[in-house]
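For reference, structure-v9.cif is printed below; it contains mmCIF, C-alpha atoms.
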```cif
data_model
#
loop_
_atom_site.label_atom_id
_atom_site.label_comp_id
_atom_site.auth_asym_id
_atom_site.auth_seq_id
_atom_site.Cartn_x
_atom_site.Cartn_y
_atom_site.Cartn_z
CA MET H 1 -10.48 -5.07 -21.88
CA THR H 2 -13.44 -4.30 -24.12
CA SER H 3 -13.48 -1.36 -26.50
CA GLU H 4 -16.46 0.01 -24.56
CA THR H 5 -14.42 0.07 -21.33
CA ALA H 6 -11.51 1.71 -23.16
CA ARG H 7 -13.77 4.46 -24.45
CA LEU H 8 -15.31 4.93 -20.99
CA LEU H 9 -11.88 5.31 -19.38
CA THR H 10 -10.87 7.82 -22.03
CA THR H 11 -14.06 9.79 -21.39
CA LEU H 12 -13.44 9.75 -17.61
CA LEU H 13 -9.93 11.09 -18.16
CA SER H 14 -11.18 13.78 -20.51
CA LEU H 15 -13.67 15.05 -17.92
CA ALA H 16 -11.52 14.75 -14.78
CA GLU H 17 -10.41 17.94 -13.09
CA ASP H 18 -7.56 16.21 -11.26
CA THR H 19 -5.53 13.84 -13.42
CA GLY H 20 -2.54 13.52 -11.07
CA SER H 21 -0.94 10.19 -10.22
CA LEU H 22 -2.61 10.35 -6.78
CA SER H 23 -5.94 11.75 -7.96
CA ASP H 24 -8.75 10.87 -5.55
CA GLU H 25 -11.24 11.81 -8.24
CA LEU H 26 -9.94 9.08 -10.56
CA HIS H 27 -9.07 6.53 -7.87
CA PHE H 28 -12.69 6.24 -6.76
CA ALA H 29 -14.26 6.59 -10.22
CA GLY H 30 -14.00 2.99 -11.46
CA TRP H 31 -16.78 0.47 -10.91
CA ASP H 32 -15.02 -2.82 -11.63
CA ALA H 33 -11.44 -4.09 -11.83
CA ALA H 34 -11.05 -3.25 -15.51
CA GLU H 35 -11.93 0.37 -14.80
CA ARG H 36 -10.24 0.69 -11.41
CA VAL H 37 -6.76 -0.65 -12.16
CA PRO H 38 -5.67 2.07 -14.66
CA LEU H 39 -7.03 4.81 -12.36
CA ASP H 40 -5.77 3.44 -9.03
CA HIS H 41 -3.52 5.47 -6.71
CA GLY H 42 -1.15 2.51 -6.84
CA ALA H 43 -0.94 2.22 -10.63
CA ALA H 44 2.56 3.76 -10.52
CA ASN H 45 3.76 2.05 -7.33
CA VAL H 46 6.15 -0.23 -9.21
CA LEU H 47 7.98 2.88 -10.47
CA ARG H 48 7.61 4.75 -7.17
CA ALA H 49 9.60 1.92 -5.61
CA LEU H 50 12.58 2.61 -7.89
CA VAL H 51 15.23 5.32 -7.65
CA LEU H 52 14.66 6.96 -11.02
CA PRO H 53 17.48 9.02 -12.55
CA LYS H 54 17.13 12.74 -11.90
CA ALA H 55 16.25 15.03 -14.80
CA ALA H 56 15.77 11.90 -16.87
CA LYS H 57 14.80 11.56 -20.48
CA VAL H 58 12.36 8.63 -20.47
CA LEU H 59 10.89 6.38 -23.14
CA GLU H 60 7.72 4.48 -22.22
CA VAL H 61 6.55 1.76 -24.61
CA GLY H 62 2.94 0.69 -24.13
CA ALA H 63 1.53 3.69 -22.27
CA GLY H 64 -1.97 2.19 -21.95
CA PHE H 65 -4.20 4.72 -20.18
CA GLY H 66 -1.35 6.79 -18.82
CA GLY H 67 -1.06 5.65 -15.20
CA LEU H 68 2.72 5.23 -15.41
CA THR H 69 3.06 8.06 -17.92
CA ARG H 70 1.47 10.52 -15.52
CA TYR H 71 3.86 9.63 -12.70
CA LEU H 72 6.89 9.70 -15.00
CA GLY H 73 5.81 13.12 -16.23
CA GLU H 74 5.64 14.39 -12.66
CA VAL H 75 9.18 13.28 -11.75
CA SER H 76 11.14 13.33 -15.03
CA ALA H 77 12.37 16.06 -17.34
CA THR H 78 11.13 14.52 -20.60
CA VAL H 79 8.79 11.59 -21.28
CA HIS H 80 8.11 10.16 -24.73
CA ALA H 81 5.13 7.84 -24.35
CA VAL H 82 4.55 5.37 -27.18
CA GLU H 83 1.00 4.10 -27.61
CA ALA H 84 -0.19 2.82 -31.00
CA ASP H 85 -3.87 2.38 -30.12
CA PRO H 86 -5.61 5.70 -30.91
CA VAL H 87 -8.18 5.45 -28.11
CA ARG H 88 -5.53 4.76 -25.49
CA ALA H 89 -3.22 7.39 -26.95
CA ALA H 90 -6.03 9.91 -26.51
CA ALA H 91 -6.46 8.74 -22.91
CA VAL H 92 -2.73 9.33 -22.23
CA ARG H 93 -2.98 12.83 -23.67
CA PHE H 94 -5.96 13.61 -21.44
CA ARG H 95 -4.16 12.17 -18.38
CA THR H 96 -1.07 14.35 -19.00
CA ARG H 97 -2.63 17.40 -20.58
CA ASP H 98 -1.27 19.78 -17.90
CA LEU H 99 2.30 18.43 -18.10
CA ASP H 100 4.69 19.97 -20.63
CA THR H 101 7.16 17.16 -19.89
CA VAL H 102 5.09 14.51 -21.75
CA SER H 103 4.45 13.88 -25.43
CA VAL H 104 2.64 10.91 -26.99
CA HIS H 105 3.87 9.10 -30.11
CA ASP H 106 3.14 5.99 -32.16
CA ARG H 107 6.86 5.02 -32.32
CA PRO H 108 10.03 5.96 -30.40
CA PRO H 109 10.96 9.41 -31.71
CA SER H 110 14.48 9.96 -30.36
CA THR H 111 17.67 8.57 -28.79
CA GLY H 112 19.74 9.16 -25.67
CA TYR H 113 17.16 7.89 -23.17
CA ASP H 114 18.22 7.58 -19.54
CA LEU H 115 15.36 5.19 -18.82
CA ALA H 116 13.04 3.02 -20.87
CA VAL H 117 9.90 1.42 -19.39
CA ILE H 118 8.37 -1.41 -21.41
CA GLN H 119 5.17 -3.34 -20.81
CA GLN H 120 5.26 -7.10 -21.41
CA PRO H 121 3.25 -7.31 -24.67
CA TYR H 122 5.82 -5.07 -26.37
CA ALA H 123 8.93 -6.89 -25.10
CA THR H 124 9.80 -8.50 -28.45
CA ARG H 125 13.39 -8.99 -29.50
CA GLY H 126 13.14 -6.47 -32.33
CA LEU H 127 11.68 -3.73 -30.16
CA LEU H 128 14.10 -4.43 -27.32
CA GLU H 129 17.06 -4.17 -29.69
CA SER H 130 15.66 -0.87 -30.96
CA VAL H 131 15.30 0.42 -27.39
CA ARG H 132 18.84 -0.70 -26.49
CA GLU H 133 20.21 1.29 -29.41
CA ARG H 134 18.35 4.37 -28.16
CA LEU H 135 19.73 4.25 -24.60
CA ALA H 136 22.21 6.75 -23.22
CA PRO H 137 25.60 5.22 -22.22
CA MET H 138 24.39 4.67 -18.63
CA GLY H 139 20.73 4.13 -19.49
CA ALA H 140 18.48 1.54 -17.88
CA VAL H 141 15.51 -0.52 -19.00
CA VAL H 142 12.60 -1.65 -16.84
CA VAL H 143 10.40 -4.42 -18.25
CA LEU H 144 7.11 -5.01 -16.43
CA THR H 145 5.83 -8.52 -16.91
CA SER H 146 4.13 -11.50 -15.33
CA SER H 147 6.46 -14.05 -16.94
CA ARG H 148 10.11 -14.91 -16.34
CA GLY H 149 10.24 -16.11 -19.93
CA VAL H 150 10.87 -12.52 -21.02
CA ALA H 151 14.36 -12.75 -19.52
CA GLY H 152 15.53 -14.94 -22.41
CA THR H 153 14.26 -12.43 -24.95
CA LEU H 154 16.04 -9.63 -23.11
CA THR H 155 19.32 -11.56 -23.16
CA ALA H 156 18.96 -12.25 -26.88
CA ALA H 157 18.44 -8.52 -27.44
CA GLY H 158 21.63 -7.66 -25.55
CA LEU H 159 19.86 -6.57 -22.35
CA GLU H 160 20.92 -8.93 -19.59
CA VAL H 161 18.69 -8.81 -16.50
CA GLN H 162 20.70 -7.20 -13.68
CA ARG H 163 18.03 -7.41 -11.01
CA GLU H 164 14.65 -9.13 -10.71
CA LEU H 165 12.06 -7.60 -8.39
CA LEU H 166 8.86 -9.35 -7.32
CA CYS H 167 5.60 -7.38 -7.38
CA SER H 168 2.64 -8.37 -5.19
CA PRO H 169 -0.09 -8.91 -6.12
CA GLY H 170 1.12 -7.78 -9.57
CA HIS H 171 2.95 -4.95 -11.30
CA GLU H 172 -0.27 -3.25 -12.44
CA VAL H 173 -1.12 -2.12 -8.90
CA ALA H 174 1.70 -3.25 -6.61
CA ARG H 175 1.28 -3.33 -2.87
CA ALA H 176 4.85 -4.57 -2.43
CA VAL H 177 7.97 -4.59 -4.61
CA ARG H 178 10.74 -6.74 -3.18
CA SER H 179 13.97 -8.57 -3.73
CA GLU H 180 13.83 -12.32 -3.16
CA ARG H 181 16.46 -11.86 -0.44
CA ILE H 182 13.84 -10.62 2.01
CA ASP H 183 12.05 -14.00 1.82
CA THR H 184 15.06 -15.73 3.36
CA GLU H 185 16.47 -12.93 5.51
CA LEU H 186 13.19 -11.68 7.00
CA PRO H 187 10.52 -14.28 6.19
CA ARG H 188 8.01 -13.11 8.82
CA LEU H 189 8.17 -9.53 7.59
CA SER H 190 8.06 -10.61 3.95
CA ALA H 191 4.83 -12.55 4.52
CA ALA H 192 3.29 -9.58 6.32
CA ILE H 193 3.98 -6.95 3.67
CA THR H 194 3.15 -9.01 0.59
CA GLY H 195 -0.13 -10.49 1.76
CA GLY H 196 0.06 -13.25 -0.88
CA PRO H 197 1.96 -14.43 -3.95
CA ALA H 198 3.86 -12.17 -6.31
CA ASN H 199 2.24 -12.31 -9.76
CA GLY H 200 4.33 -9.58 -11.32
CA LEU H 201 7.97 -8.86 -12.09
CA ALA H 202 10.04 -5.76 -12.70
CA LEU H 203 13.15 -6.77 -14.65
CA LEU H 204 15.95 -4.19 -14.46
CA CYS H 205 18.42 -4.20 -17.35
CA GLY H 206 21.10 -2.08 -18.95
CA PRO H 207 24.21 -0.25 -17.71
CA GLY H 208 22.27 1.92 -15.24
CA ALA H 209 20.11 -0.82 -13.78
CA ALA H 210 21.98 -1.15 -10.48
CA ALA H 211 21.20 2.44 -9.51
CA LEU H 212 17.44 1.85 -9.74
CA TRP H 213 17.38 -0.39 -6.64
CA PRO H 214 19.96 0.24 -3.88
CA ALA H 215 21.77 -2.86 -2.63
CA PHE H 216 20.74 -2.12 0.99
CA ARG H 217 17.01 -2.12 0.17
CA LEU H 218 15.07 -5.35 0.61
CA ALA H 219 11.55 -4.19 -0.21
CA THR H 220 9.23 -1.22 -0.65
CA TYR H 221 5.55 -1.50 0.16
CA PHE H 222 2.61 0.85 -0.03
CA ASN H 223 -0.68 1.70 1.63
CA THR H 224 -2.64 3.24 -1.25
CA ALA H 225 -5.78 1.08 -1.47
CA GLU H 226 -9.05 2.69 -0.34
CA ARG H 227 -7.24 5.66 1.16
CA ALA H 228 -7.52 9.28 0.14
CA ALA H 229 -4.28 10.65 -1.27
CA PHE H 230 -3.38 12.56 1.91
CA ALA H 231 -3.15 9.24 3.78
CA CYS H 232 -1.18 7.18 1.23
CA THR H 233 2.22 5.99 2.44
CA ARG H 234 5.29 4.06 1.34
CA ALA H 235 7.65 2.04 3.50
CA ASP H 236 11.18 0.98 2.64
CA VAL H 237 12.71 -2.10 4.28
CA VAL H 238 16.44 -1.47 4.44
CA ARG H 239 19.49 -3.18 5.90
CA THR H 240 21.34 -1.33 8.64
CA GLY H 241 24.49 -2.00 10.61
CA GLU H 242 22.34 -3.50 13.35
CA GLY H 243 19.95 -5.54 11.20
CA ALA H 244 17.06 -3.96 9.33
CA GLU H 245 14.58 -1.09 9.60
CA VAL H 246 11.21 -0.18 8.13
CA ARG H 247 11.13 3.50 7.15
CA ARG H 248 7.65 4.79 6.40
CA VAL H 249 6.74 8.20 4.92
CA PRO H 250 3.64 9.83 3.40
CA LEU H 251 3.61 9.81 -0.40
CA VAL H 252 2.50 13.43 -0.33
CA PRO H 253 3.08 15.45 2.87
CA SER H 254 -0.28 17.01 3.61
CA PRO H 255 -1.90 19.07 6.37
CA PRO H 256 -4.23 17.24 8.78
CA VAL H 257 -7.86 16.72 7.82
CA ALA H 258 -10.06 17.34 10.86
CA GLY H 259 -7.02 16.63 13.03
CA ILE H 260 -6.19 13.35 11.25
CA SER H 261 -2.97 12.80 9.34
CA VAL H 262 -0.19 10.34 8.62
CA GLY H 263 3.42 10.94 9.46
CA PRO H 264 6.85 9.36 9.12
CA CYS H 265 7.93 6.55 11.41
CA THR H 266 10.92 4.20 11.59
CA ASP H 267 10.89 0.79 13.24
CA LYS H 268 13.68 -1.67 13.86
CA VAL H 269 12.74 -5.11 12.54
CA TYR H 270 12.30 -7.78 15.22
CA ASP H 271 11.57 -11.43 14.51
CA ALA H 272 8.60 -11.51 16.85
CA PRO H 273 4.85 -12.18 16.53
CA THR H 274 2.15 -9.58 16.99
CA MET H 275 -0.16 -9.61 20.00
CA VAL H 276 -2.93 -10.93 17.77
CA GLU H 277 -0.82 -13.88 16.66
CA VAL H 278 0.10 -14.71 20.24
CA LEU H 279 -3.52 -14.50 21.39
CA LEU H 280 -4.59 -16.89 18.64
CA ASP H 281 -1.97 -19.42 19.74
CA GLU H 282 -2.10 -18.77 23.50
CA PRO H 283 -5.57 -17.41 24.37
CA GLU H 284 -4.92 -17.94 28.07
CA ARG H 285 -2.58 -14.93 27.97
CA VAL H 286 -5.33 -12.47 27.06
CA ALA H 287 -5.53 -10.66 30.43
CA GLU H 288 -1.73 -10.44 30.72
CA LEU H 289 -1.22 -9.10 27.21
CA LEU H 290 -4.16 -6.71 27.24
CA THR H 291 -3.01 -5.22 30.54
CA GLY H 292 0.54 -4.93 29.22
CA TRP H 293 -0.70 -3.21 26.08
CA ARG H 294 -2.88 -0.77 28.05
CA ASP H 295 0.11 0.12 30.24
CA LEU H 296 2.25 0.56 27.11
CA VAL H 297 -0.23 3.08 25.67
CA ARG H 298 -0.15 5.03 28.94
CA ALA H 299 3.64 4.97 29.07
CA GLU H 300 3.99 6.17 25.49
CA ALA H 301 1.54 9.00 26.18
CA ASP H 302 3.54 10.05 29.27
CA ARG H 303 6.65 10.30 27.10
CA GLY H 304 4.84 12.63 24.73
CA VAL H 305 4.80 10.31 21.73
CA GLU H 306 2.67 11.98 19.06
CA ALA H 307 1.36 8.92 17.25
CA LEU H 308 -0.87 7.02 19.65
CA TRP H 309 -3.87 6.44 17.40
CA ASP H 310 -2.33 3.38 15.77
CA LEU H 311 -0.86 1.89 18.94
CA LEU H 312 -3.23 -1.06 18.73
CA PRO H 313 -2.66 -4.74 19.59
CA HIS H 314 -1.97 -5.78 15.99
CA ASN H 315 0.74 -3.07 15.86
CA VAL H 316 2.51 -4.44 18.93
CA LEU H 317 5.14 -7.18 18.76
CA VAL H 318 5.53 -9.61 21.65
CA ASP H 319 9.31 -9.89 21.82
CA GLY H 320 9.72 -12.18 24.82
CA PRO H 321 8.77 -10.09 27.87
CA VAL H 322 8.92 -6.82 25.90
CA LEU H 323 6.02 -5.26 23.97
CA ARG H 324 7.30 -3.25 21.00
CA PRO H 325 5.05 -0.80 19.11
CA ILE H 326 5.42 -0.65 15.30
CA ASP H 327 3.82 1.03 12.27
CA LEU H 328 2.53 4.09 14.11
CA GLU H 329 1.81 6.20 11.05
CA TRP H 330 -1.68 7.57 11.85
CA ARG H 331 -2.08 10.68 14.01
CA HIS H 332 -5.35 11.86 15.56
CA ALA H 333 -5.16 15.20 17.32
CA GLY H 334 -8.48 14.68 19.08
CA ALA H 335 -7.69 11.30 20.61
CA GLY H 336 -6.18 10.64 24.01
CA VAL H 337 -5.29 7.53 25.96
CA SER H 338 -8.86 6.43 26.66
CA GLU H 339 -9.90 6.76 23.02
CA VAL H 340 -6.88 4.78 21.83
CA ILE H 341 -7.52 2.00 24.36
CA GLU H 342 -11.19 1.75 23.39
CA ARG H 343 -10.26 1.71 19.71
CA GLY H 344 -7.66 -0.99 20.31
CA VAL H 345 -10.14 -3.28 22.04
CA LEU H 346 -12.75 -2.77 19.30
CA VAL H 347 -10.29 -3.54 16.48
CA LEU H 348 -8.82 -6.48 18.38
CA ALA H 349 -12.29 -7.98 18.81
CA ASP H 350 -12.87 -7.61 15.08
CA LYS H 351 -9.64 -9.42 14.21
CA LEU H 352 -10.23 -12.21 16.73
CA THR H 353 -13.78 -12.65 15.42
CA ASP H 354 -12.46 -12.97 11.88
CA ALA H 355 -10.15 -15.72 13.12
CA GLY H 356 -12.91 -17.54 15.03
CA TRP H 357 -10.97 -17.14 18.28
CA SER H 358 -11.16 -20.27 20.36
CA ALA H 359 -11.53 -18.42 23.69
CA ALA H 360 -14.68 -16.55 22.67
CA ALA H 361 -18.09 -17.58 23.97
CA GLY H 362 -19.67 -20.30 21.84
CA ASP H 363 -22.62 -18.26 20.59
CA GLY H 364 -21.23 -14.78 21.32
CA SER H 365 -21.10 -11.92 18.86
CA MET H 366 -18.22 -9.60 18.10
CA ARG H 367 -19.96 -6.98 20.29
CA ASP H 368 -20.03 -9.47 23.17
CA LEU H 369 -16.35 -10.25 22.66
CA ALA H 370 -15.39 -6.56 22.55
CA GLY H 371 -17.31 -5.92 25.76
CA TRP H 372 -15.65 -8.85 27.53
CA LEU H 373 -12.16 -7.82 26.41
CA GLY H 374 -12.86 -4.31 27.67
CA VAL H 375 -13.94 -5.55 31.07
CA LEU H 376 -10.59 -7.34 31.44
CA ILE H 377 -8.83 -3.94 31.49
CA GLY H 378 -11.44 -1.93 33.35
CA LEU H 379 -13.80 -0.71 30.62
CA HIS H 380 -17.59 -0.85 30.87
CA PRO H 381 -19.08 -2.85 27.96
CA SER H 382 -20.97 0.25 26.84
CA PHE H 383 -17.67 1.67 25.51
CA VAL H 384 -18.32 -0.14 22.23
CA ASP H 385 -20.81 2.38 20.87
CA GLY H 386 -18.57 5.39 21.43
CA ALA H 387 -15.55 3.57 19.99
CA LEU H 388 -17.60 2.57 16.97
CA GLU H 389 -18.75 6.14 16.34
CA ARG H 390 -15.16 7.44 16.46
CA GLU H 391 -13.93 4.64 14.19
CA VAL H 392 -16.60 5.40 11.60
CA ALA H 393 -15.72 9.10 11.65
CA PHE H 394 -12.01 8.32 11.32
CA SER H 395 -12.51 5.80 8.52
CA THR H 396 -14.70 8.23 6.60
CA ILE H 397 -12.05 10.95 6.67
CA GLY H 398 -9.29 8.48 5.80
CA SER H 399 -11.29 7.29 2.80
CA CYS H 400 -12.59 10.63 1.56
CA GLY H 401 -9.86 13.09 2.54
CA THR H 402 -12.46 15.53 3.83
CA ALA H 403 -14.97 15.92 6.64
CA HIS H 404 -17.53 17.64 4.40
CA GLY H 405 -20.16 16.10 2.14
CA THR H 406 -19.44 12.57 3.30
CA ASP H 407 -22.77 11.55 4.82
CA GLU H 408 -23.37 8.74 2.32
CA VAL H 409 -19.92 7.22 2.83
CA ARG H 410 -20.19 7.57 6.58
CA ALA H 411 -23.57 5.81 6.62
CA ALA H 412 -22.19 2.96 4.49
CA ILE H 413 -19.18 2.47 6.78
CA ALA H 414 -21.39 2.56 9.86
CA GLY H 415 -23.62 -0.11 8.32
CA ILE H 416 -20.63 -2.36 7.66
CA TRP H 417 -19.45 -2.01 11.25
CA ARG H 418 -22.90 -2.77 12.66
CA LYS H 419 -22.99 -5.99 10.66
CA ARG H 420 -19.55 -6.92 11.89
CA LEU H 421 -20.51 -6.31 15.51
CA ALA H 422 -23.53 -8.59 15.13
CA ARG H 423 -21.72 -11.56 13.59
CA THR H 424 -21.07 -14.64 15.68
CA VAL H 425 -17.41 -15.30 16.45
CA HIS H 426 -17.35 -19.01 15.68
CA GLU H 427 -19.03 -18.61 12.29
CA TYR H 428 -15.69 -17.29 11.00
CA ARG H 429 -12.54 -19.32 10.48
CA SER H 430 -10.26 -17.16 8.37
CA PRO H 431 -6.43 -17.47 8.40
CA LYS H 432 -4.53 -16.10 11.37
CA VAL H 433 -4.50 -12.34 11.52
CA GLY H 434 -1.31 -10.33 11.60
CA ALA H 435 2.25 -11.42 10.88
CA GLY H 436 5.47 -9.68 11.87
CA VAL H 437 5.12 -6.03 10.96
CA ALA H 438 1.41 -5.36 10.46
CA ALA H 439 0.30 -3.80 7.21
CA ASN H 440 -1.65 -1.14 9.09
CA GLU H 441 -4.96 -2.23 7.62
CA ASP H 442 -6.84 -1.88 10.90
CA GLU H 443 -9.68 0.39 9.75
CA VAL H 444 -11.83 -2.56 8.72
CA ALA H 445 -14.70 -0.73 7.14
CA LYS H 446 -12.38 1.55 5.22
CA ARG H 447 -10.16 -1.26 3.98
#
```
Rewrite the coordinates I just gave you, this time as structure tokens.
Amino acid sequence: MTSETARLLTTLLSLAEDTGSLSDELHFAGWDAAERVPLDHGAANVLRALVLPKAAKVLEVGAGFGGLTRYLGEVSATVHAVEADPVRAAAVRFRTRDLDTVSVHDRPPSTGYDLAVIQQPYATRGLLESVRERLAPMGAVVVLTSSRGVAGTLTAAGLEVQRELLCSPGHEVARAVRSERIDTELPRLSAAITGGPANGLALLCGPGAAALWPAFRLATYFNTAERAAFACTRADVVRTGEGAEVRRVPLVPSPPVAGISVGPCTDKVYDAPTMVEVLLDEPERVAELLTGWRDLVRAEADRGVEALWDLLPHNVLVDGPVLRPIDLEWRHAGAGVSEVIERGVLVLADKLTDAGWSAAAGDGSMRDLAGWLGVLIGLHPSFVDGALEREVAFSTIGSCGTAHGTDEVRAAIAGIWRKRLARTVHEYRSPKVGAGVAANEDEVAKR
């Protein structure tokens, strides 16, 4: 990072009204990756995934621009953040200026720490030995790194690695934090939640390391990208007596915005493909599966299930003859069965277009495909425009966290959707869409 970018970030933090770990103001302030990463909602996800000791006294070495410091200050009793660079130290002070739990230093000032968090560049043997000497009897150390080579240095410093967690795409802004066990026990689910390779590691060391990650937990993953704070969620994948479950909750319980909200949901894990996966492999089943999905939406509505808005084809597993809904976190108070069905067909057409679906007309557009899919379950092709308008309105609120003053964002999202509707299906040949438990990234324009 250049010194100019460092000064800019410090200035942004000095001027921000909301410096919280889930600040929308900061999350959307960065222009490029160098600016966005330290300000991202997900900058503290790697620590959110851990069970941090209550009322902890924490030492953080390498505080950077305060993304982790801010979160630690919100959940811990005392945080001593060490940052030698004066510009970054100033940034940390601005980020935590309303927290009396945080102080910033140029070297570790105390002993008896319950938790120490260390960034890779500082994980030298000398510093690690110094940190070990400062730990409480049941203290723990978390080293955030992109290299397994640090493990040898930790061992030499008397801090044997007790648990290694993989962070995808990296520890700086983690979408998923997982044990390697999930790759073998639930490979379909693991592929779905990670979305790619793990380029980061969280190494847990010290006497208290085991408590940071319960033995029954296989992974924790987050939806924090391009969402306003009210819509950010976490999901824990845990073992149960009957197999495994995904337990999803909002990061911050919030009231609905224009009738839109996210809520908790729990799904049993099934080793089954999504409807989208099946349609890509067996396109001849499109009428059967679409009809089954439409009937499922109606049945769920008759039972009074609150969360219908996300009951879309990519959130339905085809488990033999049974269709199983999953990941129903979004709620939309103004949407009924017809709106959900129209939304599902629109989003399905978008995903099949991205995959260059073999059953689509040779020169047809996404709009043509959506209309044809709708006809299969009794919709008139004109439904597309109404579904598009609702999707744009929903995506705008999900992105902005408000229904007011969003005309520019709404126009941009609408423009993206219009372009997507116009594209030709067979011009696109991206990898298969969906896998196991969907990541709930269906609002295309917003994501």
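Here the PyMOL selection byres ((chain H and resi 122-139) around 6) matches the residues H:Thr111, H:Gly112, H:Tyr113, H:Asp114, H:Leu115, H:Gln119, H:Gln120, H:Pro121, H:Ala140, H:Thr153, H:Ala157, H:Pro207, H:Gly208.
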| Who sits within 9 Å of segment 388-401 of chain H, all atoms listed in the file, same chain under 3 positions skipped, as number ranges by chain | H: 24, 226-231, 257-258, 260-261, 332, 339, 343, 346, 383-385, 404, 406-407, 409-411, 413-414, 417-418, 443-447
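Put simply, the PyMOL selection byres ((chain H and resi 185) around 12) in this file takes in Ser179, Glu180, Arg181, Ile182, Asp183, Thr184, Leu186, Pro187, Arg188, Leu189, Ser190, Ala191, Leu218, Ala219, Val237, Val238, Arg239, Gly243, Ala244, Val269, Tyr270 and Asp271 of chain H.
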| query | Quick one, how far is atom CA of Gly374 of chain H from atom CA of Arg324 of chain H? | reply |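 Interatomic distance here is 21.3 Å.
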| message | Could you tell me how far atom CA of Leu144 of chain H sits from atom CA of Glu60 of chain H, in Å to one decimal place? | response |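 According to the coordinates, atom CA of Glu60 of chain H and atom CA of Leu144 of chain H are separated by 11.1 Å.
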| remark: Atom pair atom CA of Ala33 of chain H + atom CA of Ser168 of chain H, distance 16.1 Å
Proximity of segment 17-58 of chain H to segment 75-99 of chain H: per-residue shortest pair, 6 Å limit, only C-alpha atoms, as a tab-separated table:
```
residue	atom	partner	partner_atom	distance
H:Thr19	CA	H:Arg95	CA	5.4
H:Ala55	CA	H:Ala77	CA	4.8
H:Ala56	CA	H:Ser76	CA	5.2
H:Lys57	CA	H:Thr78	CA	4.7
H:Val58	CA	H:Val79	CA	4.7
```
Ground truth for the PyMOL selection byres ((chain H and resi 212) around 6), written as an mmCIF file with C-alpha atoms, in the coordinates of the input:
```cif
data_model
loop_
_atom_site.group_PDB
_atom_site.id
_atom_site.type_symbol
_atom_site.label_atom_id
_atom_site.label_comp_id
_atom_site.auth_asym_id
_atom_site.auth_seq_id
_atom_site.Cartn_x
_atom_site.Cartn_y
_atom_site.Cartn_z
ATOM 1 C CA LEU H 50 12.580 2.610 -7.890
ATOM 2 C CA VAL H 51 15.230 5.320 -7.650
ATOM 3 C CA LEU H 52 14.660 6.960 -11.020
ATOM 4 C CA ALA H 209 20.110 -0.820 -13.780
ATOM 5 C CA ALA H 210 21.980 -1.150 -10.480
ATOM 6 C CA ALA H 211 21.200 2.440 -9.510
ATOM 7 C CA TRP H 213 17.380 -0.390 -6.640
#
```
| task | Name the residues in contact with Thr233 of chain H at a cut-off of 6 Å, using only C-alpha atoms, excluding same-chain residues fewer than 3 positions from it; report them as a ChimeraX atom specification. | result | /H:222-223,249-251
| message | Under the rule that only C-alpha atoms are counted, which of H:Pro214, H:Gly371, H:Pro169, H:Gly42 is the nearest residue to Gly195 of chain H? | response | H:Pro169
| said: For a cutoff of 8 Å around the file-coordinate point (-0.3, -9.5, 19.4), which residues qualify once you count all atoms listed in the file? I'd like the result as a VMD selection string. | reply: chain H and resid 273 to 279 289 313 to 318 434
| query | Quick one: residues within 7 Å of Val117 of chain H, all atoms listed in the file counted, chain neighbours fewer than 4 positions away excluded, as a PyMOL selection string? | reply | chain H and resi 59-61+141-143
